[in-house]
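To start, the structure under review is shown below, and the notes come after it.
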Amino acid sequence: MRHARLVWKNLTRNKRRSILTVLSVGVALFLFAALQSVLTALDATSEVGSESRLITRNATGIVFPLPEAYTQRLRSINGVEAVSWANWFGGTYIDSRNYFAQFAVDEGTFFSMYPEVQIDPAQLEAFNGEKSGAIVGQGLMERFGWSLGQTIVLQGTIFPGDWEFVIRGVYEPDNPSFGDENMYFHYDYLFENSGEAATPGWFIVRPSDPNLATEVAARIDGSFENSSDPTKTETEKAFQAGFVTMWGNVGFLVRVIGTAVFFAILLVAANTMMMSSRERVNEVAVLKTLGYRDGLLSRLVVAESLAISVVGGVVGLTAAAVTLGNNEMLGSILPGYAVLPSTMLQGLAIAIVLGLISGLVPARQAARLSVVDALRRVA
Amino acid sequence: MALVELRSLTKRYQTEAEIISVLEDVDLNIEAGEYLSLMGPSGSGKSTLLNLMAGLDQPDSGTITIDGSEITSLNGNQLADWRANHVGFVFQFYNLLPVLTAFQNVELPLLLTNLSKDERRERVEVALNVVSLSDRMEHYPRQLSGGQEQRVGIARAIVSDPVMILADEPTGDLDAASAEEILTLIERLNSEFNKTVLMVTHDQHAAERAHRMMYLEKGVLHQ
């Protein structure tokens with residue numbers, strides 16, 4: 001601590017360079033936090049589905065619906081306890097950029113399948129009693145400033161036209177990764193107003209014994225094997241993971257590009273720190289003449305680079321937490337997107353390692369410096 | 001026993017083409033409280049001799065014993081500790097740290113001791129008072145004249161109360177008036193504070209103010 005002032009003075013001798021170096025490290029760590037949080041959110045999304053719920057969809061692809069008649073056949077299959085169904089709506093609110101997930105669901109069976117969706121029973125009852133009623137996530141309510149009882153109009157894309165909905169309930173998920181920016185409305189409302197035949201997009205099946213989920217899935221697919229619409233059934237978790245694998249390449253690209261940019265910035269920062277140290281070779285020689293040991297001089301050099309990288313890291317990580325932590329746009333694209341404390345700690349650890357590595361070379365140079373040569377250069 | 005004893009001191013430098021002998025079999029005794037000057041042409045080995053006596057360089061052969069310690073047998077850390085306690089070094093180009101004030105520059109050697117902050121402050125104030133710079137304590141080197149910078153350098157050299165002061169051309173970068181002030185100050189350190197001084201200089205006038213003049217030529221010391 002006696003030498004803290006010397007470290008501080010050296011750090012502030014070229015303020016512009018120090019600030020720029022701190023900012024370089026800050027940008028690198030901001031980038032790290034942003035990208036790491038994307039990857040964490042992707043991983044969490046693949047984990048959000050239940051192992052004890054099955055999703056039955058058209059084997060040809062998710063965009064192909066299934067006959068409504070499958071409902072009864074599914075219920076009759078041995079090992080199936082409950083069946084519900086849903087459909088994707090794909091509308092936008094006022095502007096095409098205002099995009100969020102909307103599902104047409106069977107009100108009588110859907111919410112009992114999803115205990116993680118927390119809704120006030122009175123609101124659920126109000127929703128059940130109104131054909132154009134909708135239940136929306138708390139995040140959506142906040143994002144658009146909606147209120148309970150408000151009528152909203154969505155522009156349909158798959159089901160064209162203006163669609164009116166009355167908000168009758170607000171849900172909050174018990175797991176952030178589930179997302180609080182979904183909207184649920186009546187399946188009947190969708191098909192009564194679209195004029196199309198009622199065809200579920202997919203079925204949600206609850207096996208009577210979660211341990212037999214795989215066997216039940218095989219049984220379901222087996223029973224529709226020779227039908228006009230064969231099915232593909234898997235656990236909801238596997239179904240979600242399938243969606244995430246569509247992000248797979250994006251995740252890989254994010255990782256590769258982010259890592260390259262990150263290391264480029266780190267190298268620039270490390271080089272700046274080494275340059276700053278090299279410029280003071282004669283001062284190191286003078287301190288050695290005064291009796292400063294090699295070890296102490298090395299520690300002083302490392303302390304400088306450590307201070308720069310840790311301050312830069314804290315700046316970058318704090319900026320990431322503040323600007324990305326509650327970012328609506330990111331949250332709507334990637335439910336559960338958040339800069340987690342574990343990401344912050346990882347970032348801080350990276351900053352410390354950066355400080356140590358970038359200080360290592362100049363510290364070694366300082367320790368090995370020949371006083372005689374250095375003083376001769378000054379002379 | 002003399003304060004400084006140099007015995008058969010030899011230092012050679014290896015270049016690509018040849019081996020250059022800088023110091024050849026040098027013997028020297030310096031008594032405590034002596035004031036010596038060392039002259040010689042450029043490249044004669046003056047600075048090398050000074051560096052060896054400060055423990056900044058190692059001889060190829062021979063021994064250096066200062067105040068009872070044979071410094072040629074000490075390792076790097078031991079030499080650093082020994083320098084901190086026994087030698088004050090005055091440079092031609094002052095070599096003050098530009099980011100520190102005069103006070104902070106002088107305090108640097110004391111940061112290696114166990115002295116408290118108040119004790120350090122007291123010692124620094126005394127040292128700066130000796131060199132008549134009490135009113136410039138909070139000035140940075142860039143705010144001082146060359147002569148004043150050298151006086152801060154001298155205060156830094158004496159603040160840890162070393163037995164010996166080694167000065168490498170301390171007036172080499174100064175105008176005549178400032179050089180005279182510095183020489184007077186060094187004389188005072190010797191006479192009033194009983195510091196043993198070895199001063200390397202090119203200036204005959206400066207050298208003559210010492211008690212004893214030595215001349216180094218082609219690695220051989222003439223006393």
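Note on naming: chains are A, B, ... as they come in the structure tokens, residues start from 1 per chain, ligands start from 1 in the order shown.
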
Check every residue of chain A for an atom within 12 Å of chain B, counting only C-alpha atoms, and provide those that qualify as a PDB file with C-alpha atoms, in the first residue's frame.
```
ATOM      1  CA  MET A   1       0.000   0.000   0.000  1.00  0.00           C
ATOM      2  CA  ARG A   2       2.984   2.297   0.521  1.00  0.00           C
ATOM      3  CA  HIS A   3       3.504   2.290  -3.205  1.00  0.00           C
ATOM      4  CA  ALA A   4      -0.163   2.797  -4.132  1.00  0.00           C
ATOM      5  CA  ARG A   5       0.536   6.448  -4.857  1.00  0.00           C
ATOM      6  CA  LEU A   6       3.375   5.543  -7.228  1.00  0.00           C
ATOM      7  CA  VAL A   7       1.094   3.109  -9.060  1.00  0.00           C
ATOM      8  CA  TRP A   8      -1.670   5.711  -9.226  1.00  0.00           C
ATOM      9  CA  LYS A   9       0.722   8.415 -10.489  1.00  0.00           C
ATOM     10  CA  ASN A  10       2.006   6.121 -13.189  1.00  0.00           C
ATOM     11  CA  LEU A  11      -1.521   5.246 -14.221  1.00  0.00           C
ATOM     12  CA  THR A  12      -2.474   8.893 -14.528  1.00  0.00           C
ATOM     13  CA  ARG A  13       0.735  10.165 -16.134  1.00  0.00           C
ATOM     14  CA  ASN A  14      -0.836   9.753 -19.578  1.00  0.00           C
ATOM     15  CA  LYS A  15      -4.509  10.110 -18.796  1.00  0.00           C
ATOM     16  CA  ARG A 280       9.711   4.022 -18.216  1.00  0.00           C
ATOM     17  CA  VAL A 281      12.745   1.793 -18.395  1.00  0.00           C
ATOM     18  CA  ASN A 282      15.051   4.509 -17.041  1.00  0.00           C
ATOM     19  CA  GLU A 283      12.753   5.113 -14.081  1.00  0.00           C
ATOM     20  CA  VAL A 284      12.866   1.430 -13.241  1.00  0.00           C
ATOM     21  CA  ALA A 285      16.660   1.650 -13.373  1.00  0.00           C
ATOM     22  CA  VAL A 286      16.609   4.618 -10.988  1.00  0.00           C
ATOM     23  CA  LEU A 287      14.367   2.764  -8.549  1.00  0.00           C
ATOM     24  CA  LYS A 288      16.737  -0.193  -8.649  1.00  0.00           C
ATOM     25  CA  THR A 289      19.584   2.162  -7.852  1.00  0.00           C
ATOM     26  CA  LEU A 290      17.619   3.372  -4.829  1.00  0.00           C
ATOM     27  CA  GLY A 291      17.369  -0.189  -3.560  1.00  0.00           C
ATOM     28  CA  TYR A 292      14.081  -1.433  -5.009  1.00  0.00           C
ATOM     29  CA  ARG A 293      14.141  -5.202  -5.395  1.00  0.00           C
ATOM     30  CA  ASP A 294      13.293  -6.860  -8.697  1.00  0.00           C
ATOM     31  CA  GLY A 295      10.271  -8.578  -7.138  1.00  0.00           C
ATOM     32  CA  LEU A 296       8.810  -5.334  -5.819  1.00  0.00           C
ATOM     33  CA  LEU A 297       9.265  -3.599  -9.177  1.00  0.00           C
ATOM     34  CA  ALA A 367      13.034  -7.449 -13.126  1.00  0.00           C
ATOM     35  CA  ARG A 368      15.670  -8.365 -15.672  1.00  0.00           C
ATOM     36  CA  LEU A 369      16.601  -4.810 -16.556  1.00  0.00           C
ATOM     37  CA  SER A 370      20.308  -4.074 -16.359  1.00  0.00           C
ATOM     38  CA  VAL A 371      20.628  -0.823 -14.431  1.00  0.00           C
ATOM     39  CA  VAL A 372      23.978  -0.077 -16.032  1.00  0.00           C
ATOM     40  CA  ASP A 373      22.619  -0.447 -19.583  1.00  0.00           C
ATOM     41  CA  ALA A 374      19.484   1.526 -18.813  1.00  0.00           C
ATOM     42  CA  LEU A 375      21.395   4.401 -17.204  1.00  0.00           C
ATOM     43  CA  ARG A 376      23.893   4.422 -20.061  1.00  0.00           C
ATOM     44  CA  ARG A 377      20.982   4.820 -22.512  1.00  0.00           C
ATOM     45  CA  VAL A 378      19.696   7.782 -20.510  1.00  0.00           C
ATOM     46  CA  ALA A 379      23.162   9.358 -20.523  1.00  0.00           C
TER      47      ALA A 379
END
```

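Running DSSP on the backbone gives strand (DSSP E) for these residues within segment 32-110 of chain B: B:Tyr35, B:Leu36, B:Ser37, B:Leu38, B:Met39, B:Ser61, B:Gly62, B:Thr63, B:Ile64, B:Thr65, B:Ile66, B:Ser69, B:Glu70, B:Val87, B:Gly88, B:Phe89, B:Val90.
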
- Backbone DSSP call of helix (DSSP H, G or I) for segment 172-306 of chain A, listed as a VMD selection string: chain A and resid 176 to 178 187 to 194 210 to 223 236 to 278 281 to 290 294 to 306

- Item | Spatial neighbours of Val220 of chain B, max dist 8 Å, only C-alpha atoms, sep filter under 2 positions, as an MDAnalysis selection string | chainID B and resid 23:26 216:218 222

Using the selection just defined, write its residues with C-alpha atoms as a PDB file, in the first residue's frame.
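The new file selection_5.pdb reads:
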```pdb
ATOM      1  CA  LEU B  23      39.243  -1.733 -15.225  1.00  0.00           C
ATOM      2  CA  GLU B  24      42.492  -3.558 -14.712  1.00  0.00           C
ATOM      3  CA  ASP B  25      43.597  -4.727 -11.311  1.00  0.00           C
ATOM      4  CA  VAL B  26      42.329  -1.666  -9.458  1.00  0.00           C
ATOM      5  CA  LEU B 216      41.566   6.769 -14.395  1.00  0.00           C
ATOM      6  CA  GLU B 217      43.057   6.064 -17.795  1.00  0.00           C
ATOM      7  CA  LYS B 218      42.720   2.919 -19.865  1.00  0.00           C
ATOM      8  CA  HIS B 222      46.321   6.755 -10.752  1.00  0.00           C
TER       9      HIS B 222
END
```

With a distance cut-off of 12 Å and only C-alpha atoms, select the neighbouring residues of Pro121 of chain A, excluding the residue or stretch itself and same-chain residues fewer than 2 positions from it, and output the selection as a compact mmCIF listing (two decimals) with N, CA and C atoms, in the first residue's frame.
```txt
# COMPACT_ATOMS: atom_id res chain seq x y z
N PHE A 111 -54.07 -24.50 -19.68
CA PHE A 111 -53.38 -23.92 -18.52
C PHE A 111 -53.15 -24.93 -17.40
N SER A 112 -54.01 -25.96 -17.37
CA SER A 112 -53.78 -26.97 -16.35
C SER A 112 -52.54 -27.80 -16.69
N VAL A 117 -47.17 -21.37 -15.57
CA VAL A 117 -47.79 -20.10 -15.96
C VAL A 117 -48.74 -19.70 -14.81
N GLN A 118 -48.35 -18.70 -14.06
CA GLN A 118 -49.10 -18.30 -12.87
C GLN A 118 -50.14 -17.24 -13.24
N ILE A 119 -51.42 -17.58 -13.05
CA ILE A 119 -52.50 -16.63 -13.35
C ILE A 119 -53.47 -16.57 -12.18
N GLN A 123 -58.97 -14.02 -12.90
CA GLN A 123 -58.65 -13.55 -14.25
C GLN A 123 -58.81 -14.69 -15.26
N LEU A 124 -58.43 -15.89 -14.83
CA LEU A 124 -58.55 -17.04 -15.72
C LEU A 124 -60.03 -17.31 -16.02
N GLU A 125 -60.86 -17.13 -15.01
CA GLU A 125 -62.29 -17.32 -15.17
C GLU A 125 -62.87 -16.28 -16.14
N ALA A 126 -62.39 -15.05 -15.98
CA ALA A 126 -62.84 -13.97 -16.88
C ALA A 126 -62.41 -14.27 -18.32
N PHE A 127 -61.23 -14.80 -18.45
CA PHE A 127 -60.73 -15.16 -19.78
C PHE A 127 -61.59 -16.27 -20.39
N ASN A 128 -61.88 -17.28 -19.58
CA ASN A 128 -62.67 -18.41 -20.08
C ASN A 128 -64.07 -17.98 -20.53
N ILE A 135 -54.83 -13.76 -22.52
CA ILE A 135 -53.96 -13.71 -21.35
C ILE A 135 -52.57 -13.35 -21.85
N ARG A 168 -57.83 -10.13 -20.52
CA ARG A 168 -58.59 -10.53 -19.34
C ARG A 168 -57.70 -11.13 -18.26
N GLY A 169 -56.47 -11.39 -18.60
CA GLY A 169 -55.59 -11.97 -17.57
C GLY A 169 -54.12 -11.67 -17.86
N VAL A 170 -53.36 -11.64 -16.77
CA VAL A 170 -51.92 -11.41 -16.90
C VAL A 170 -51.20 -12.55 -16.18
N TYR A 171 -50.25 -13.16 -16.87
CA TYR A 171 -49.53 -14.26 -16.22
C TYR A 171 -48.10 -13.84 -15.90
```

- Using only C-alpha atoms, which residues sit within 6 Å of Pro207 of chain A once same-chain residues fewer than 6 positions away are excluded, as a PyMOL selection string? chain A and resi 79-81

- Item | Neighbour list for Ser24 of chain A as a list in words, cut-off 10 Å, only C-alpha atoms, skip fewer than 3 positions in-chain | Ser18, Ile19, Leu20, Thr21, Val27, Ala28, Leu29, Phe30, Phe262, Ile265, Leu266, Leu267, Val268, Ala269, Ala270, Ser309, Gly312, Gly313 and Gly316 of chain A

- Item | Close residues, segment 2-9 of chain B itself excluded, 8 Å, only C-alpha atoms, min 4 positions apart in chain, as an NGL selection string | :B and (23-32 or 59-68)

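Among A:Ile77, A:Leu354, A:Ala41, A:Val322, the residue with the shortest atom-to-atom distance to Val22 of chain A, counting only C-alpha atoms, is A:Leu354.
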
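When atom CA of Thr259 of chain A is paired with atom CA of Ser342 of chain A, their separation reads 18.4 Å.
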